[in-house]
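The data block below is run_17.cif; it holds mmCIF, C-alpha atoms.
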```cif
data_data
#
loop_
_atom_site.group_PDB
_atom_site.id
_atom_site.type_symbol
_atom_site.label_atom_id
_atom_site.label_comp_id
_atom_site.auth_asym_id
_atom_site.auth_seq_id
_atom_site.Cartn_x
_atom_site.Cartn_y
_atom_site.Cartn_z
ATOM 1 C CA MET A 487 64.267 196.042 97.764
ATOM 2 C CA ALA A 488 64.818 193.159 100.239
ATOM 3 C CA LYS A 489 63.946 193.685 103.875
ATOM 4 C CA LEU A 490 66.936 193.907 106.204
ATOM 5 C CA GLU A 491 67.126 190.897 108.541
ATOM 6 C CA TYR A 492 67.360 191.678 112.245
ATOM 7 C CA ASN A 493 68.457 188.957 114.636
ATOM 8 C CA TYR A 494 67.451 190.339 118.016
ATOM 9 C CA VAL A 495 69.065 187.506 120.001
ATOM 10 C CA LEU A 496 72.417 187.774 118.235
ATOM 11 C CA ILE A 497 72.551 191.576 118.159
ATOM 12 C CA SER A 498 71.679 191.971 121.844
ATOM 13 C CA ALA A 499 74.235 189.325 122.860
ATOM 14 C CA VAL A 500 77.053 190.821 120.781
ATOM 15 C CA LEU A 501 76.195 194.362 121.882
ATOM 16 C CA SER A 502 76.269 193.221 125.526
ATOM 17 C CA TRP A 503 79.674 191.610 125.037
ATOM 18 C CA PHE A 504 81.006 194.757 123.336
ATOM 19 C CA ALA A 505 79.602 197.053 126.056
ATOM 20 C CA ALA A 506 81.191 194.909 128.792
ATOM 21 C CA GLN A 507 84.574 194.986 127.036
ATOM 22 C CA VAL A 508 84.458 198.781 126.666
ATOM 23 C CA ILE A 509 83.403 199.258 130.310
ATOM 24 C CA LYS A 510 86.144 196.851 131.410
ATOM 25 C CA THR A 511 88.727 198.831 129.421
ATOM 26 C CA VAL A 512 87.593 202.145 130.910
ATOM 27 C CA ILE A 513 87.656 200.740 134.466
ATOM 28 C CA ASN A 514 91.158 199.382 133.878
ATOM 29 C CA MET A 515 92.253 202.736 132.421
ATOM 30 C CA VAL A 516 90.958 204.600 135.489
ATOM 31 C CA LYS A 517 92.729 202.146 137.825
ATOM 32 C CA THR A 518 96.086 202.061 136.028
ATOM 33 C CA LYS A 519 96.062 205.553 134.454
ATOM 34 C CA LYS A 520 96.997 204.028 131.079
ATOM 35 C CA PHE A 521 95.186 202.504 128.112
ATOM 36 C CA ASN A 522 95.604 198.731 127.676
ATOM 37 C CA ALA A 523 94.229 197.584 124.298
ATOM 38 C CA GLU A 524 94.261 193.940 125.454
ATOM 39 C CA ARG A 525 91.363 194.750 127.802
ATOM 40 C CA LEU A 526 89.159 195.374 124.720
ATOM 41 C CA ILE A 527 89.301 191.690 123.810
ATOM 42 C CA GLY A 528 90.748 189.977 126.900
ATOM 43 C CA SER A 529 88.923 187.900 129.467
ATOM 44 C CA GLY A 530 88.654 188.606 133.189
ATOM 45 C CA GLY A 531 87.825 191.865 134.907
ATOM 46 C CA MET A 532 84.700 193.872 135.666
ATOM 47 C CA PRO A 533 82.124 193.339 134.231
ATOM 48 C CA SER A 534 82.272 189.804 132.859
ATOM 49 C CA SER A 535 81.674 189.979 129.114
ATOM 50 C CA HIS A 536 80.982 186.231 129.034
ATOM 51 C CA SER A 537 78.184 186.664 131.590
ATOM 52 C CA SER A 538 76.890 189.719 129.789
ATOM 53 C CA LEU A 539 76.706 187.865 126.467
ATOM 54 C CA VAL A 540 74.963 184.708 127.748
ATOM 55 C CA CYS A 541 72.537 186.580 130.016
ATOM 56 C CA SER A 542 71.588 188.921 127.200
ATOM 57 C CA ALA A 543 71.039 185.956 124.868
ATOM 58 C CA SER A 544 68.948 184.207 127.561
ATOM 59 C CA VAL A 545 66.682 187.209 128.055
ATOM 60 C CA ALA A 546 66.384 187.670 124.295
ATOM 61 C CA MET A 547 65.396 184.000 123.939
ATOM 62 C CA TYR A 548 62.851 184.425 126.728
ATOM 63 C CA ARG A 549 61.368 187.472 125.020
ATOM 64 C CA THR A 550 61.203 185.860 121.563
ATOM 65 C CA CYS A 551 60.411 182.221 122.374
ATOM 66 C CA GLY A 552 58.826 182.312 125.821
ATOM 67 C CA LEU A 553 59.705 180.988 129.240
ATOM 68 C CA GLY A 554 58.532 177.447 128.456
ATOM 69 C CA SER A 555 60.437 177.081 125.188
ATOM 70 C CA PRO A 556 63.287 174.603 124.703
ATOM 71 C CA GLU A 557 65.348 177.424 123.165
ATOM 72 C CA PHE A 558 65.145 179.482 126.345
ATOM 73 C CA ALA A 559 65.831 176.419 128.513
ATOM 74 C CA LEU A 560 68.951 175.577 126.518
ATOM 75 C CA MET A 561 70.220 179.159 126.610
ATOM 76 C CA PHE A 562 69.557 179.423 130.352
ATOM 77 C CA ILE A 563 71.486 176.198 131.030
ATOM 78 C CA MET A 564 74.356 177.418 128.874
ATOM 79 C CA ALA A 565 74.415 180.730 130.760
ATOM 80 C CA MET A 566 74.615 178.936 134.109
ATOM 81 C CA VAL A 567 77.519 176.754 132.900
ATOM 82 C CA VAL A 568 79.439 179.734 131.481
ATOM 83 C CA MET A 569 79.026 181.816 134.649
ATOM 84 C CA TYR A 570 79.892 178.905 136.953
ATOM 85 C CA ASP A 571 83.014 178.179 134.884
ATOM 86 C CA ALA A 572 84.057 181.857 134.958
ATOM 87 C CA MET A 573 83.931 181.884 138.767
ATOM 88 C CA GLY A 574 85.400 178.398 139.190
ATOM 89 C CA VAL A 575 88.002 176.815 136.955
ATOM 90 C CA ARG A 576 89.013 179.949 135.023
ATOM 91 C CA ARG A 577 89.210 181.998 138.238
ATOM 92 C CA ALA A 578 91.407 179.339 139.867
ATOM 93 C CA ALA A 579 93.663 179.224 136.794
ATOM 94 C CA GLY A 580 94.095 183.007 136.995
ATOM 95 C CA LEU A 581 95.020 182.807 140.690
ATOM 96 C CA HIS A 582 97.533 180.048 139.906
ATOM 97 C CA ALA A 583 99.045 182.187 137.149
ATOM 98 C CA HIS A 584 99.373 185.086 139.598
ATOM 99 C CA GLU A 585 101.266 182.938 142.107
ATOM 100 C CA LEU A 586 103.517 181.435 139.420
ATOM 101 C CA ASN A 587 104.379 184.925 138.146
ATOM 102 C CA ARG A 588 105.175 186.006 141.713
ATOM 103 C CA MET A 589 107.420 182.958 142.204
ATOM 104 C CA LYS A 590 109.238 183.620 138.919
ATOM 105 C CA LYS A 591 109.992 187.183 140.072
ATOM 106 C CA ILE A 592 111.339 185.940 143.407
ATOM 107 C CA PHE A 593 113.506 183.350 141.643
ATOM 108 C CA ALA A 594 114.826 186.002 139.254
ATOM 109 C CA VAL A 595 115.797 188.307 142.138
ATOM 110 C CA THR A 596 117.419 185.565 144.244
ATOM 111 C CA GLY A 597 118.984 183.761 141.282
ATOM 112 C CA PHE A 598 117.494 180.506 142.540
ATOM 113 C CA GLY A 599 117.962 177.708 140.010
ATOM 114 C CA SER A 600 119.007 179.960 137.159
ATOM 115 C CA ASN A 601 122.733 179.570 136.590
ATOM 116 C CA VAL A 602 124.132 176.832 138.814
ATOM 117 C CA GLN A 603 125.142 173.406 137.489
ATOM 118 C CA THR A 604 127.199 170.571 138.907
ATOM 119 C CA ASP A 605 130.551 169.579 137.430
ATOM 120 C CA GLU A 606 131.943 166.022 137.045
ATOM 121 C CA SER A 607 133.051 165.867 140.688
ATOM 122 C CA GLY A 608 129.590 166.898 141.940
ATOM 123 C CA GLY A 609 130.674 170.413 142.869
ATOM 124 C CA ALA A 610 128.615 173.432 141.959
ATOM 125 C CA LYS A 611 129.849 175.812 139.290
ATOM 126 C CA LYS A 612 128.346 178.943 137.850
ATOM 127 C CA VAL A 613 127.411 178.862 134.198
ATOM 128 C CA ARG A 614 126.824 182.012 132.212
ATOM 129 C CA LYS A 615 123.594 181.783 130.279
ATOM 130 C CA LYS A 616 122.015 184.233 127.949
ATOM 131 C CA GLU A 617 119.417 186.042 129.989
ATOM 132 C CA LYS A 618 116.062 186.022 128.288
ATOM 133 C CA LYS A 619 112.953 187.753 129.480
ATOM 134 C CA GLU A 620 110.292 185.145 130.076
ATOM 135 C CA LYS A 621 106.691 186.003 129.352
ATOM 136 C CA GLU A 622 104.408 186.198 132.330
ATOM 137 C CA PHE A 623 101.407 183.911 132.571
ATOM 138 C CA LYS A 624 98.089 185.591 131.793
ATOM 139 C CA GLU A 625 96.368 186.329 135.096
ATOM 140 C CA TYR A 626 93.090 187.795 133.821
ATOM 141 C CA LEU A 627 91.218 184.569 133.142
ATOM 142 C CA GLY A 628 88.223 184.258 135.418
ATOM 143 C CA HIS A 629 85.931 186.399 137.490
ATOM 144 C CA THR A 630 84.872 187.098 141.030
ATOM 145 C CA PRO A 631 81.162 186.572 141.766
ATOM 146 C CA PHE A 632 80.738 190.383 141.765
ATOM 147 C CA GLU A 633 82.239 190.659 138.257
ATOM 148 C CA VAL A 634 79.933 187.883 137.008
ATOM 149 C CA LEU A 635 76.933 189.613 138.595
ATOM 150 C CA GLY A 636 77.956 192.904 136.967
ATOM 151 C CA GLY A 637 78.090 191.240 133.554
ATOM 152 C CA ALA A 638 74.770 189.490 134.110
ATOM 153 C CA VAL A 639 73.000 192.728 135.083
ATOM 154 C CA LEU A 640 74.482 194.519 132.063
ATOM 155 C CA GLY A 641 73.393 191.722 129.693
ATOM 156 C CA VAL A 642 69.852 191.571 131.071
ATOM 157 C CA ALA A 643 69.500 195.366 130.871
ATOM 158 C CA ILE A 644 70.706 195.530 127.268
ATOM 159 C CA ALA A 645 68.393 192.692 126.172
ATOM 160 C CA PHE A 646 65.400 194.489 127.707
ATOM 161 C CA ILE A 647 66.410 197.865 126.227
ATOM 162 C CA MET A 648 67.014 196.508 122.708
ATOM 163 C CA PRO A 649 64.004 196.550 120.386
ATOM 164 C CA MET A 650 62.816 193.053 119.402
ATOM 165 C CA SER A 651 62.364 194.146 115.797
ATOM 166 C CA ILE A 652 63.146 197.080 113.554
#
```

Can you dump the structure from the file as structure tokens?
Amino acid sequence: MAKLEYNYVLISAVLSWFAAQVIKTVINMVKTKKFNAERLIGSGGMPSSHSSLVCSASVAMYRTCGLGSPEFALMFIMAMVVMYDAMGVRRAAGLHAHELNRMKKIFAVTGFGSNVQTDESGGAKKVRKKEKKEKEFKEYLGHTPFEVLGGAVLGVAIAFIMPMSI
């Protein structure tokens, strides 16, 4: 019988991602008092599953290849880029989405720009349009530094707890 392959780096990284997503879903459920299945796969929130995954993979690479290995160096650099991006560009995009959603709600309440057109003489006239519910922009995109730190700590802990071989 063939020996079962065990990829410590991959398993610890995926397990860390999964654990972060479950924790994130539970935290969201406690806050909102309802289950949101999107939180099981969605980005944003506490803890960062991206940070958890890359930090777990970095620690696993350190444990298997050593601190001076090119594999660990590459994984460490990748982890830094992912965590910086989560707190920077993706966080800013989420904040922009939040403000755009807020503006859309204000415009919907005030009727600003929704059903007024000009006629041939330049006068304003109301036009009846079919009202359609517009989708909101996704606001959970990035992370606060605390959420990234939470994911990083979770990933490091799981990589150290996981056995290197079975």

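Take the candidates A:Lys520, A:His629, A:Arg549, A:His584 and check each one against A:Val495 using all atoms listed in the file; the shortest distance goes to A:Arg549.
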
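The nearest approach to A:Tyr570 among the residues A:Leu539, A:Ala523, A:Val634, A:Val512, with all atoms listed in the file taken into account, belongs to A:Val634.
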
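With all atoms listed in the file taken into account, the protein and nucleic acid residues at most 10 Å from A:Gly637 (excluding it and anything under 4 positions from it in its own chain) are Ser502, Trp503, Ala505, Ala506, Gln507, Gly531, Met532, Pro533, Ser534, Ser535, His536, Ser537, Ser538, Leu539, Val540, Cys541, Ser542, Met569, Pro631, Phe632, Glu633, Gly641, Val642 and Ala643 of chain A.
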
Kindly give the distance, in Å, that separates atom CA of A:Ile652 and atom CA of A:Phe562, rounded to a single decimal.
-> 25.2 Å

Kindly give the distance, in Å, that separates atom CA of A:Glu622 and atom CA of A:Glu524, rounded to a single decimal.
-> 14.5 Å

Selection: 10 Å around A:Ser544, all atoms listed in the file, excl. self and same-chain fewer than 6 positions, as a PyMOL selection string = chain A and resi 495+499+538+550+553+557-565+641-642+645

Smallest atom-to-atom distance to A:Ser529: which of A:Gly636, A:Gly554, A:Gly628, A:Gly574, using all atoms listed in the file?
-> A:Gly628

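Atom to atom, atom CA of A:Ile644 and atom CA of A:Tyr494 stand 11.1 Å apart.
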